Amino acid sequence: MGKRTVNTELYDLLVIGAGPSGLTAGIYGHRAGLKVLMIGGYAPGGQVTHHYNVENYPGFPGGITGAELMTRWLKQLIDEVGEMPRPSSVTSVDFSNRIKEVYVNDDVFRAKAVIVATGSKPRRLEVPGESRLEGKGVFFCATCDAPLLRTMSSRRAAVIGGGDTAFHTAMALLPHAELVTVITRGSEPRAKPALIQRLQQSQKASILVQRSVTEIIGEQGVTCLSLQNTETKNFETFGVDAVFVGVGQSPVTEFLDGKLELTASGFIITDARLNTSALGVFAAGDVRDTPLRQILTAAADGALAAQTAADYLRMLPDKPQ
């Protein structure tokens with residue numbers, strides 16, 4: 001590690017993350033009169049930008065693409081705050097003192113309060129062939145990689161997973177594929193009924209239940225999957241040209257390195273006002289332990305976290321200790 005460069009600015013509030021919760025926290029923090037710094041990673045908008053169509057966000061009858069929704073959100077942030085989130089990823093933090101320090105490699109940013117809104121990232125299958133064939137037929141982002149199906153021989157795609165993520169992925173693949181098969185371990189998908197119904201309306205889509213992927217097979221590209229029937233335990237092969245993994249998300253909390261109390265799955269534990277185990281540090285959105293992870297609840301978290309941070313800051317003495 002090189003010599004650290006300490007930014008001379010002392011911010012009231014530093015928001016880590018630029019998805020729905022982080023952007024909302026930035027907007028509400030600015031409206032509360034706080035001096036706000038946002039560090040948003042290299043892809044503002046978060047996982048929502050990968051959603052083919054967002055149908056359950058209020059105010060958009062008929063739905064809106066995730067990319068368009070987050071483009072509007074970012075525009076509102078820029079109109080309010082005057083700048084985009086910094087395109088950097090936080091590497092570590094120090095929450096032990098009243099003035100919090102957030103590190104981006106060797107750069108140090110200081111703030112009186114911090115909101116962690118780093119969201120989540122795609123979970124991996126962890127089966128043979130997944131890492132070796134990543135980018136060669138194994139993908140994690142339909143919005144990014146679906147057009148590659150048009151270059152493949154038979155354009156058969158498998159989506160692994162049974163929840164909302166998998167069905168959003170499958171919908172995004174339909175315009176590019178000849179056949180899209182959702183493969184899930186359960187006896188039936190866990191996705192919202194409306195998503196399942198919409199996919200089943202396409203003659204190019206099918207759902208294969210009670211199958212677990214044991215291996216992704218291929219040399220220069222994917223040729224087939226090895227599947228195990230979760231009921232009979234029998235094995236079978238399933239021919240595909242591409243595999244899109246949609247088995248859910250893992251929280252982005254590695255950079256915390258034990259600085260906050262987490263669940264066994266790595267999500268940040270908060271109270272009802274979104275306080276974490278560190279005084280002056282709050283968490284919002286999919287990164288925290290919450291029973292519902294939706295765009296709407298993430299936005300609500302961002303607003304509440306900013307309000308709780310503003311209340312906390314009003315109680316601090318004028319001079320830092």
# chains A, B, ... in the order shown; residues from 1 in each chain; ligands from 1
>>> residues_around(residues="Leu125 (chain A)", least_positions_apart="6", cutoff="12 Å", atoms="only C-alpha atoms", output="list in words")
Ser131, Glu134, Val138, Phe139, Phe140, Val159, Ile160, Gly161, Ser212, Val213, Thr214, Glu215, Ile216, Val243, Phe244, Val245, Gly246, Val247, Gly248, Gln249 and Ser250 of chain A
>>> write_last_selection(atoms="N, CA and C atoms", output="PDB file, in the first residue's frame")
ATOM      1  N   SER A 131     -16.349 -21.067 -14.440  1.00  0.00           N
ATOM      2  CA  SER A 131     -15.297 -20.055 -14.534  1.00  0.00           C
ATOM      3  C   SER A 131     -14.540 -20.163 -15.860  1.00  0.00           C
ATOM      4  N   GLU A 134     -16.651 -18.708 -18.690  1.00  0.00           N
ATOM      5  CA  GLU A 134     -17.238 -17.381 -18.495  1.00  0.00           C
ATOM      6  C   GLU A 134     -16.838 -16.466 -19.652  1.00  0.00           C
ATOM      7  N   VAL A 138     -20.944 -18.633 -20.971  1.00  0.00           N
ATOM      8  CA  VAL A 138     -21.485 -18.483 -19.617  1.00  0.00           C
ATOM      9  C   VAL A 138     -21.529 -16.993 -19.301  1.00  0.00           C
ATOM     10  N   PHE A 139     -22.729 -16.490 -18.960  1.00  0.00           N
ATOM     11  CA  PHE A 139     -22.910 -15.059 -18.762  1.00  0.00           C
ATOM     12  C   PHE A 139     -23.719 -14.798 -17.494  1.00  0.00           C
ATOM     13  N   PHE A 140     -23.600 -13.570 -16.995  1.00  0.00           N
ATOM     14  CA  PHE A 140     -24.305 -13.178 -15.777  1.00  0.00           C
ATOM     15  C   PHE A 140     -25.156 -11.936 -15.986  1.00  0.00           C
ATOM     16  N   VAL A 159     -31.424 -20.489 -18.811  1.00  0.00           N
ATOM     17  CA  VAL A 159     -31.341 -19.568 -17.676  1.00  0.00           C
ATOM     18  C   VAL A 159     -31.459 -20.405 -16.410  1.00  0.00           C
ATOM     19  N   ILE A 160     -30.478 -20.277 -15.535  1.00  0.00           N
ATOM     20  CA  ILE A 160     -30.449 -21.094 -14.325  1.00  0.00           C
ATOM     21  C   ILE A 160     -31.013 -20.289 -13.162  1.00  0.00           C
ATOM     22  N   GLY A 161     -32.074 -20.815 -12.547  1.00  0.00           N
ATOM     23  CA  GLY A 161     -32.691 -20.141 -11.408  1.00  0.00           C
ATOM     24  C   GLY A 161     -34.197 -20.160 -11.523  1.00  0.00           C
ATOM     25  N   SER A 212     -30.892 -29.797 -11.256  1.00  0.00           N
ATOM     26  CA  SER A 212     -29.756 -29.096 -10.686  1.00  0.00           C
ATOM     27  C   SER A 212     -28.577 -29.196 -11.648  1.00  0.00           C
ATOM     28  N   VAL A 213     -27.920 -28.079 -11.928  1.00  0.00           N
ATOM     29  CA  VAL A 213     -26.765 -28.078 -12.823  1.00  0.00           C
ATOM     30  C   VAL A 213     -25.552 -28.613 -12.070  1.00  0.00           C
ATOM     31  N   THR A 214     -24.929 -29.655 -12.609  1.00  0.00           N
ATOM     32  CA  THR A 214     -23.735 -30.220 -11.982  1.00  0.00           C
ATOM     33  C   THR A 214     -22.458 -29.872 -12.737  1.00  0.00           C
ATOM     34  N   GLU A 215     -22.590 -29.516 -14.022  1.00  0.00           N
ATOM     35  CA  GLU A 215     -21.407 -29.143 -14.804  1.00  0.00           C
ATOM     36  C   GLU A 215     -21.839 -28.415 -16.066  1.00  0.00           C
ATOM     37  N   ILE A 216     -21.017 -27.442 -16.482  1.00  0.00           N
ATOM     38  CA  ILE A 216     -21.209 -26.765 -17.767  1.00  0.00           C
ATOM     39  C   ILE A 216     -20.119 -27.289 -18.691  1.00  0.00           C
ATOM     40  N   VAL A 243     -25.409 -20.115 -21.428  1.00  0.00           N
ATOM     41  CA  VAL A 243     -25.978 -20.267 -20.091  1.00  0.00           C
ATOM     42  C   VAL A 243     -25.944 -18.907 -19.410  1.00  0.00           C
ATOM     43  N   PHE A 244     -27.097 -18.459 -18.962  1.00  0.00           N
ATOM     44  CA  PHE A 244     -27.193 -17.207 -18.200  1.00  0.00           C
ATOM     45  C   PHE A 244     -27.563 -17.567 -16.765  1.00  0.00           C
ATOM     46  N   VAL A 245     -26.696 -17.202 -15.845  1.00  0.00           N
ATOM     47  CA  VAL A 245     -26.884 -17.562 -14.437  1.00  0.00           C
ATOM     48  C   VAL A 245     -27.758 -16.509 -13.772  1.00  0.00           C
ATOM     49  N   GLY A 246     -28.875 -16.953 -13.201  1.00  0.00           N
ATOM     50  CA  GLY A 246     -29.805 -16.031 -12.541  1.00  0.00           C
ATOM     51  C   GLY A 246     -30.295 -16.585 -11.222  1.00  0.00           C
ATOM     52  N   VAL A 247     -29.329 -16.971 -10.372  1.00  0.00           N
ATOM     53  CA  VAL A 247     -29.685 -17.641  -9.108  1.00  0.00           C
ATOM     54  C   VAL A 247     -29.701 -16.688  -7.910  1.00  0.00           C
ATOM     55  N   GLY A 248     -29.821 -15.404  -8.198  1.00  0.00           N
ATOM     56  CA  GLY A 248     -29.927 -14.468  -7.087  1.00  0.00           C
ATOM     57  C   GLY A 248     -28.673 -13.641  -6.881  1.00  0.00           C
ATOM     58  N   GLN A 249     -28.624 -12.985  -5.757  1.00  0.00           N
ATOM     59  CA  GLN A 249     -27.588 -11.996  -5.492  1.00  0.00           C
ATOM     60  C   GLN A 249     -26.887 -12.245  -4.156  1.00  0.00           C
ATOM     61  N   SER A 250     -25.642 -11.782  -4.080  1.00  0.00           N
ATOM     62  CA  SER A 250     -24.888 -11.774  -2.827  1.00  0.00           C
ATOM     63  C   SER A 250     -24.581 -10.323  -2.471  1.00  0.00           C
TER      64      SER A 250
END
>>> closest_atom_pairs(of="region 72-123 of chain A", to="region 141-146 of chain A", cutoff="12 Å", atoms="only C-alpha atoms", output="JSON lines")
{"residue": "A:Lys121", "atom": "CA", "partner": "A:Cys141", "partner_atom": "CA", "distance": 10.5}
{"residue": "A:Pro122", "atom": "CA", "partner": "A:Cys141", "partner_atom": "CA", "distance": 8.6}
{"residue": "A:Arg123", "atom": "CA", "partner": "A:Cys141", "partner_atom": "CA", "distance": 11.5}
>>> write_last_selection(atoms="N, CA and C atoms", output="PDB file, in the first residue's frame")
ATOM      1  N   LYS A 121     -24.555  -8.396  -5.926  1.00  0.00           N
ATOM      2  CA  LYS A 121     -23.962  -8.819  -7.202  1.00  0.00           C
ATOM      3  C   LYS A 121     -24.442 -10.225  -7.519  1.00  0.00           C
ATOM      4  N   PRO A 122     -24.361 -10.636  -8.779  1.00  0.00           N
ATOM      5  CA  PRO A 122     -24.858 -11.963  -9.144  1.00  0.00           C
ATOM      6  C   PRO A 122     -24.132 -13.077  -8.399  1.00  0.00           C
ATOM      7  N   ARG A 123     -24.897 -14.043  -7.918  1.00  0.00           N
ATOM      8  CA  ARG A 123     -24.338 -15.216  -7.254  1.00  0.00           C
ATOM      9  C   ARG A 123     -23.933 -16.242  -8.311  1.00  0.00           C
TER      10      ARG A 123
END
>>> residues_around(residues="region 307-313 of chain A", least_positions_apart="2", cutoff="8 Å", atoms="only C-alpha atoms", output="JSON, numbers by chain")
{"A": [12, 13, 28, 29, 32, 34, 112, 113, 114, 115, 273, 274, 275, 280, 281, 282, 303, 304, 305, 315, 316]}
>>> write_last_selection(atoms="N, CA and C atoms", output="compact mmCIF listing (two decimals), in the first residue's frame")
# COMPACT_ATOMS: atom_id res chain seq x y z
N ASP A 12 -20.56 16.15 5.35
CA ASP A 12 -21.56 15.75 6.34
C ASP A 12 -21.94 14.29 6.15
N LEU A 13 -22.16 13.91 4.88
CA LEU A 13 -22.66 12.58 4.57
C LEU A 13 -21.94 12.03 3.36
N TYR A 28 -32.05 12.95 -1.04
CA TYR A 28 -32.65 13.37 0.23
C TYR A 28 -31.63 14.02 1.15
N GLY A 29 -30.40 13.55 1.13
CA GLY A 29 -29.36 14.19 1.93
C GLY A 29 -29.10 15.61 1.50
N ALA A 32 -31.81 17.88 2.55
CA ALA A 32 -31.76 18.16 3.99
C ALA A 32 -30.68 19.19 4.33
N LEU A 34 -27.40 18.91 3.63
CA LEU A 34 -26.12 18.30 3.98
C LEU A 34 -25.12 18.43 2.83
N LYS A 112 -18.82 12.88 8.42
CA LYS A 112 -19.38 12.72 9.76
C LYS A 112 -20.34 11.55 9.84
N ALA A 113 -20.94 11.21 8.70
CA ALA A 113 -21.88 10.09 8.65
C ALA A 113 -21.72 9.38 7.30
N VAL A 114 -22.03 8.09 7.30
CA VAL A 114 -21.89 7.28 6.09
C VAL A 114 -23.14 6.42 5.91
N ILE A 115 -23.60 6.34 4.67
CA ILE A 115 -24.66 5.40 4.31
C ILE A 115 -24.08 4.36 3.36
N ARG A 273 -34.57 2.17 12.11
CA ARG A 273 -34.17 3.46 11.53
C ARG A 273 -32.94 3.34 10.64
N LEU A 274 -32.50 2.11 10.38
CA LEU A 274 -31.38 1.79 9.49
C LEU A 274 -30.02 2.13 10.09
N ASN A 275 -29.96 2.25 11.42
CA ASN A 275 -28.68 2.32 12.10
C ASN A 275 -27.98 0.97 12.03
N GLY A 280 -23.28 6.40 13.64
CA GLY A 280 -23.11 7.31 12.52
C GLY A 280 -22.99 6.64 11.17
N VAL A 281 -23.19 5.32 11.16
CA VAL A 281 -23.14 4.57 9.90
C VAL A 281 -24.49 3.88 9.70
N PHE A 282 -25.04 4.03 8.51
CA PHE A 282 -26.38 3.53 8.20
C PHE A 282 -26.31 2.66 6.95
N ALA A 303 -34.27 7.05 1.38
CA ALA A 303 -34.87 8.25 1.98
C ALA A 303 -34.79 8.19 3.50
N LEU A 304 -35.13 7.04 4.08
CA LEU A 304 -35.11 6.91 5.54
C LEU A 304 -33.69 7.01 6.09
N ALA A 305 -32.73 6.38 5.42
CA ALA A 305 -31.35 6.44 5.88
C ALA A 305 -30.83 7.88 5.87
N MET A 315 -27.55 16.24 16.17
CA MET A 315 -27.26 16.02 17.58
C MET A 315 -25.77 16.08 17.91
N LEU A 316 -24.91 16.17 16.87
CA LEU A 316 -23.46 16.18 17.12
C LEU A 316 -23.01 17.56 17.60
>>> residues_around(residues="region 43-49 of chain A", least_positions_apart="3", cutoff="9 Å", atoms="only C-alpha atoms", output="VMD selection string")
chain A and resid 17 to 20 23 40 52 54 65 to 71 73 to 74 84 to 85 87 118 to 122 143 295
>>> write_last_selection(atoms="C-alpha atoms", output="short mmCIF file (atom, residue, chain, number, x, y, z; two decimals), in the first residue's frame")
data_model
loop_
_atom_site.label_atom_id
_atom_site.label_comp_id
_atom_site.auth_asym_id
_atom_site.auth_seq_id
_atom_site.Cartn_x
_atom_site.Cartn_y
_atom_site.Cartn_z
CA GLY A 17 -23.36 3.08 -3.81
CA ALA A 18 -25.38 4.46 -6.73
CA GLY A 19 -28.34 2.13 -7.13
CA PRO A 20 -31.91 3.07 -6.16
CA LEU A 23 -29.20 7.71 -5.42
CA GLY A 40 -20.92 5.05 -6.84
CA TYR A 52 -35.56 -6.03 -19.20
CA VAL A 54 -39.77 -3.10 -14.55
CA THR A 65 -36.89 -0.69 -18.81
CA GLY A 66 -34.46 -0.73 -15.90
CA ALA A 67 -31.94 1.29 -17.91
CA GLU A 68 -34.47 4.05 -18.65
CA LEU A 69 -35.67 4.17 -15.03
CA MET A 70 -32.16 4.57 -13.66
CA THR A 71 -31.24 7.12 -16.35
CA TRP A 73 -33.03 8.68 -11.49
CA LEU A 74 -29.47 9.78 -12.28
CA MET A 84 -22.59 12.39 -10.86
CA PRO A 85 -21.41 9.91 -8.21
CA PRO A 87 -16.79 6.51 -10.58
CA THR A 118 -23.69 -1.01 -2.17
CA GLY A 119 -26.45 -3.45 -3.13
CA SER A 120 -25.66 -6.91 -4.38
CA LYS A 121 -23.96 -8.82 -7.20
CA PRO A 122 -24.86 -11.96 -9.14
CA THR A 143 -28.70 -6.86 -20.90
CA ILE A 295 -36.67 -1.18 -6.21
#
>>> closest_residue(among="A:Gly186, A:Arg314, A:Leu37, A:Val15", to="Glu231 (chain A)", atoms="only C-alpha atoms")
A:Gly186
>>> atom_distance(atom1="CA of Thr263 (chain A)", atom2="CA of His50 (chain A)")
26.5 Å
>>> atom_distance(atom1="CA of His168 (chain A)", atom2="CA of Phe60 (chain A)")
17.2 Å
>>> closest_residue(among="A:Glu80, A:Glu101, A:Asp164, A:Glu9", to="Asn56 (chain A)", atoms="only C-alpha atoms")
A:Asp164
>>> atom_distance(atom1="CA of Ala157 (chain A)", atom2="CA of Pro175 (chain A)")
11.7 Å
>>> closest_residue(among="A:Ile27, A:Ala111, A:Leu227, A:Phe167", to="Pro193 (chain A)", atoms="only C-alpha atoms")
A:Phe167
>>> closest_residue(among="A:Val6, A:Ile269, A:Leu279, A:Asp79", to="Pro291 (chain A)", atoms="only C-alpha atoms")
A:Ile269
>>> select_by_dssp(residues="region 31-146 of chain A", states="strand (DSSP E or B)", output="number ranges by chain")
A: 36-39, 54, 64, 86, 92-94, 100-104, 107-116, 120-122, 134, 138-139
>>> write_last_selection(atoms="N, CA, C and O atoms", output="CSV table (one decimal), in the first residue's frame")
chain,number,residue,atom,x,y,z
A,36,VAL,N,-22.9,16.5,0.7
A,36,VAL,CA,-22.9,15.1,0.4
A,36,VAL,C,-21.9,14.7,-0.6
A,36,VAL,O,-21.6,15.5,-1.6
A,37,LEU,N,-21.2,13.6,-0.4
A,37,LEU,CA,-20.3,13.0,-1.4
A,37,LEU,C,-20.8,11.6,-1.7
A,37,LEU,O,-21.2,10.9,-0.8
A,38,MET,N,-20.9,11.3,-3.0
A,38,MET,CA,-21.4,10.0,-3.4
A,38,MET,C,-20.2,9.3,-4.1
A,38,MET,O,-19.6,9.8,-5.1
A,39,ILE,N,-20.0,8.0,-3.7
A,39,ILE,CA,-19.0,7.2,-4.4
A,39,ILE,C,-19.8,6.0,-4.9
A,39,ILE,O,-20.3,5.2,-4.2
A,54,VAL,N,-39.3,-3.3,-15.9
A,54,VAL,CA,-39.8,-3.1,-14.6
A,54,VAL,C,-41.3,-2.8,-14.6
A,54,VAL,O,-41.7,-1.7,-15.0
A,64,ILE,N,-41.4,-0.1,-17.5
A,64,ILE,CA,-40.3,0.8,-18.0
A,64,ILE,C,-39.0,-0.1,-17.9
A,64,ILE,O,-38.9,-0.9,-17.0
A,86,ARG,N,-19.0,9.7,-7.9
A,86,ARG,CA,-17.6,9.5,-8.3
A,86,ARG,C,-17.5,8.0,-8.8
A,86,ARG,O,-18.0,7.1,-8.2
A,92,SER,N,-11.8,0.0,1.4
A,92,SER,CA,-11.9,-0.3,2.8
A,92,SER,C,-12.4,0.9,3.5
A,92,SER,O,-12.6,2.0,2.9
A,93,VAL,N,-12.7,0.7,4.8
A,93,VAL,CA,-13.3,1.8,5.6
A,93,VAL,C,-12.8,1.7,7.0
A,93,VAL,O,-12.2,0.7,7.5
A,94,ASP,N,-12.9,2.9,7.7
A,94,ASP,CA,-12.6,2.9,9.1
A,94,ASP,C,-13.7,3.7,9.8
A,94,ASP,O,-13.9,4.9,9.6
A,100,LYS,N,-15.7,9.5,10.1
A,100,LYS,CA,-15.5,8.2,9.4
A,100,LYS,C,-14.5,8.4,8.2
A,100,LYS,O,-14.5,9.5,7.6
A,101,GLU,N,-13.7,7.4,7.9
A,101,GLU,CA,-12.8,7.4,6.8
A,101,GLU,C,-13.2,6.3,5.8
A,101,GLU,O,-13.4,5.2,6.2
A,102,VAL,N,-13.3,6.7,4.6
A,102,VAL,CA,-13.6,5.8,3.5
A,102,VAL,C,-12.4,5.8,2.5
A,102,VAL,O,-12.0,6.9,2.0
A,103,TYR,N,-11.9,4.6,2.1
A,103,TYR,CA,-10.7,4.6,1.3
A,103,TYR,C,-11.1,4.0,-0.1
A,103,TYR,O,-11.8,3.0,-0.2
A,104,VAL,N,-10.6,4.8,-1.1
A,104,VAL,CA,-10.6,4.3,-2.5
A,104,VAL,C,-9.1,4.1,-2.9
A,104,VAL,O,-8.5,5.1,-3.2
A,107,ASP,N,-6.6,6.8,-1.7
A,107,ASP,CA,-7.3,8.1,-1.4
A,107,ASP,C,-8.2,8.0,-0.2
A,107,ASP,O,-9.0,7.0,-0.1
A,108,VAL,N,-8.2,9.0,0.7
A,108,VAL,CA,-9.0,8.9,1.9
A,108,VAL,C,-10.1,10.0,1.8
A,108,VAL,O,-9.8,11.2,1.6
A,109,PHE,N,-11.3,9.6,2.0
A,109,PHE,CA,-12.4,10.6,2.1
A,109,PHE,C,-13.0,10.6,3.5
A,109,PHE,O,-13.2,9.5,4.1
A,110,ARG,N,-13.3,11.8,4.0
A,110,ARG,CA,-13.8,11.9,5.4
A,110,ARG,C,-15.2,12.4,5.5
A,110,ARG,O,-15.6,13.3,4.8
A,111,ALA,N,-16.0,11.9,6.4
A,111,ALA,CA,-17.4,12.3,6.6
A,111,ALA,C,-17.8,12.1,8.0
A,111,ALA,O,-17.3,11.2,8.7
A,112,LYS,N,-18.8,12.9,8.4
A,112,LYS,CA,-19.4,12.7,9.8
A,112,LYS,C,-20.3,11.5,9.8
A,112,LYS,O,-20.6,11.0,10.9
A,113,ALA,N,-20.9,11.2,8.7
A,113,ALA,CA,-21.9,10.1,8.6
A,113,ALA,C,-21.7,9.4,7.3
A,113,ALA,O,-21.3,10.0,6.3
A,114,VAL,N,-22.0,8.1,7.3
A,114,VAL,CA,-21.9,7.3,6.1
A,114,VAL,C,-23.1,6.4,5.9
A,114,VAL,O,-23.7,5.9,6.9
A,115,ILE,N,-23.6,6.3,4.7
A,115,ILE,CA,-24.7,5.4,4.3
A,115,ILE,C,-24.1,4.4,3.4
A,115,ILE,O,-23.5,4.7,2.3
A,116,VAL,N,-24.2,3.1,3.7
A,116,VAL,CA,-23.7,2.0,2.9
A,116,VAL,C,-24.9,1.5,2.1
A,116,VAL,O,-25.9,1.0,2.6
A,120,SER,N,-26.1,-5.5,-4.3
A,120,SER,CA,-25.7,-6.9,-4.4
A,120,SER,C,-25.1,-7.2,-5.8
A,120,SER,O,-25.1,-6.3,-6.7
A,121,LYS,N,-24.6,-8.4,-5.9
A,121,LYS,CA,-24.0,-8.8,-7.2
A,121,LYS,C,-24.4,-10.2,-7.5
A,121,LYS,O,-24.9,-11.0,-6.6
A,122,PRO,N,-24.4,-10.6,-8.8
A,122,PRO,CA,-24.9,-12.0,-9.1
A,122,PRO,C,-24.1,-13.1,-8.4
A,122,PRO,O,-22.9,-13.1,-8.3
A,134,GLU,N,-16.7,-18.7,-18.7
A,134,GLU,CA,-17.2,-17.4,-18.5
A,134,GLU,C,-16.8,-16.5,-19.7
A,134,GLU,O,-15.7,-16.3,-20.0
A,138,VAL,N,-20.9,-18.6,-21.0
A,138,VAL,CA,-21.5,-18.5,-19.6
A,138,VAL,C,-21.5,-17.0,-19.3
A,138,VAL,O,-20.5,-16.3,-19.4
A,139,PHE,N,-22.7,-16.5,-19.0
A,139,PHE,CA,-22.9,-15.1,-18.8
A,139,PHE,C,-23.7,-14.8,-17.5
A,139,PHE,O,-24.4,-15.7,-17.0
>>> select_by_dssp(residues="region 115-223 of chain A", states="alpha helix (DSSP H)", output="ChimeraX atom specification")
/A:142-145,164-173,193-200
>>> write_last_selection(atoms="N, CA, C and O atoms", output="CSV table (one decimal), in the first residue's frame")
chain,number,residue,atom,x,y,z
A,142,ALA,N,-27.9,-10.4,-18.8
A,142,ALA,CA,-28.6,-10.6,-20.1
A,142,ALA,C,-28.6,-9.3,-20.9
A,142,ALA,O,-28.4,-9.3,-22.1
A,143,THR,N,-28.7,-8.1,-20.2
A,143,THR,CA,-28.7,-6.9,-20.9
A,143,THR,C,-27.4,-6.6,-21.6
A,143,THR,O,-27.3,-6.1,-22.7
A,144,CYS,N,-26.3,-7.1,-21.0
A,144,CYS,CA,-25.0,-6.9,-21.6
A,144,CYS,C,-24.7,-7.9,-22.7
A,144,CYS,O,-24.1,-7.5,-23.8
A,145,ASP,N,-25.1,-9.1,-22.6
A,145,ASP,CA,-24.6,-10.2,-23.4
A,145,ASP,C,-25.6,-10.9,-24.3
A,145,ASP,O,-25.3,-11.7,-25.1
A,164,ASP,N,-37.2,-14.2,-9.4
A,164,ASP,CA,-37.5,-13.1,-10.3
A,164,ASP,C,-36.3,-12.8,-11.2
A,164,ASP,O,-36.4,-12.4,-12.4
A,165,THR,N,-35.1,-12.9,-10.7
A,165,THR,CA,-33.9,-12.6,-11.5
A,165,THR,C,-33.8,-13.5,-12.7
A,165,THR,O,-33.6,-13.0,-13.8
A,166,ALA,N,-34.1,-14.8,-12.5
A,166,ALA,CA,-34.1,-15.7,-13.7
A,166,ALA,C,-35.1,-15.3,-14.7
A,166,ALA,O,-34.8,-15.4,-15.9
A,167,PHE,N,-36.3,-15.0,-14.3
A,167,PHE,CA,-37.4,-14.7,-15.3
A,167,PHE,C,-37.2,-13.3,-16.0
A,167,PHE,O,-37.5,-13.2,-17.1
A,168,HIS,N,-36.6,-12.3,-15.3
A,168,HIS,CA,-36.2,-11.1,-15.9
A,168,HIS,C,-35.2,-11.4,-17.0
A,168,HIS,O,-35.2,-10.8,-18.1
A,169,THR,N,-34.2,-12.2,-16.6
A,169,THR,CA,-33.1,-12.6,-17.6
A,169,THR,C,-33.7,-13.3,-18.8
A,169,THR,O,-33.4,-13.0,-19.9
A,170,ALA,N,-34.6,-14.3,-18.6
A,170,ALA,CA,-35.2,-15.0,-19.7
A,170,ALA,C,-36.0,-14.0,-20.6
A,170,ALA,O,-35.9,-14.2,-21.9
A,171,MET,N,-36.7,-13.1,-20.1
A,171,MET,CA,-37.5,-12.1,-20.9
A,171,MET,C,-36.5,-11.3,-21.8
A,171,MET,O,-36.8,-11.0,-22.9
A,172,ALA,N,-35.4,-11.0,-21.2
A,172,ALA,CA,-34.4,-10.2,-22.0
A,172,ALA,C,-33.8,-11.0,-23.1
A,172,ALA,O,-33.3,-10.4,-24.1
A,173,LEU,N,-33.7,-12.3,-23.0
A,173,LEU,CA,-33.1,-13.1,-24.0
A,173,LEU,C,-34.0,-13.4,-25.2
A,173,LEU,O,-33.6,-13.7,-26.3
A,193,PRO,N,-45.9,-14.6,-10.0
A,193,PRO,CA,-46.8,-15.2,-11.0
A,193,PRO,C,-46.9,-14.4,-12.3
A,193,PRO,O,-47.0,-15.0,-13.4
A,194,ALA,N,-46.9,-13.1,-12.2
A,194,ALA,CA,-47.0,-12.3,-13.4
A,194,ALA,C,-45.8,-12.5,-14.3
A,194,ALA,O,-46.0,-12.5,-15.5
A,195,LEU,N,-44.6,-12.7,-13.7
A,195,LEU,CA,-43.4,-12.9,-14.6
A,195,LEU,C,-43.5,-14.3,-15.2
A,195,LEU,O,-43.2,-14.4,-16.4
A,196,ILE,N,-43.9,-15.2,-14.5
A,196,ILE,CA,-44.0,-16.6,-15.0
A,196,ILE,C,-45.0,-16.6,-16.2
A,196,ILE,O,-44.8,-17.2,-17.2
A,197,GLN,N,-46.2,-16.0,-15.9
A,197,GLN,CA,-47.2,-16.0,-17.0
A,197,GLN,C,-46.8,-15.3,-18.2
A,197,GLN,O,-47.0,-15.8,-19.3
A,198,ARG,N,-46.0,-14.2,-18.1
A,198,ARG,CA,-45.6,-13.5,-19.3
A,198,ARG,C,-44.6,-14.3,-20.1
A,198,ARG,O,-44.7,-14.3,-21.3
A,199,LEU,N,-43.7,-15.0,-19.4
A,199,LEU,CA,-42.7,-15.8,-20.1
A,199,LEU,C,-43.4,-17.0,-20.8
A,199,LEU,O,-43.1,-17.3,-22.0
A,200,GLN,N,-44.4,-17.6,-20.2
A,200,GLN,CA,-45.1,-18.7,-20.7
A,200,GLN,C,-45.9,-18.4,-22.0
A,200,GLN,O,-46.3,-19.2,-22.7
>>> closest_residue(among="A:Lys233, A:Asp241, A:Asn7, A:Thr253", to="Gly218 (chain A)", atoms="only C-alpha atoms")
A:Asp241
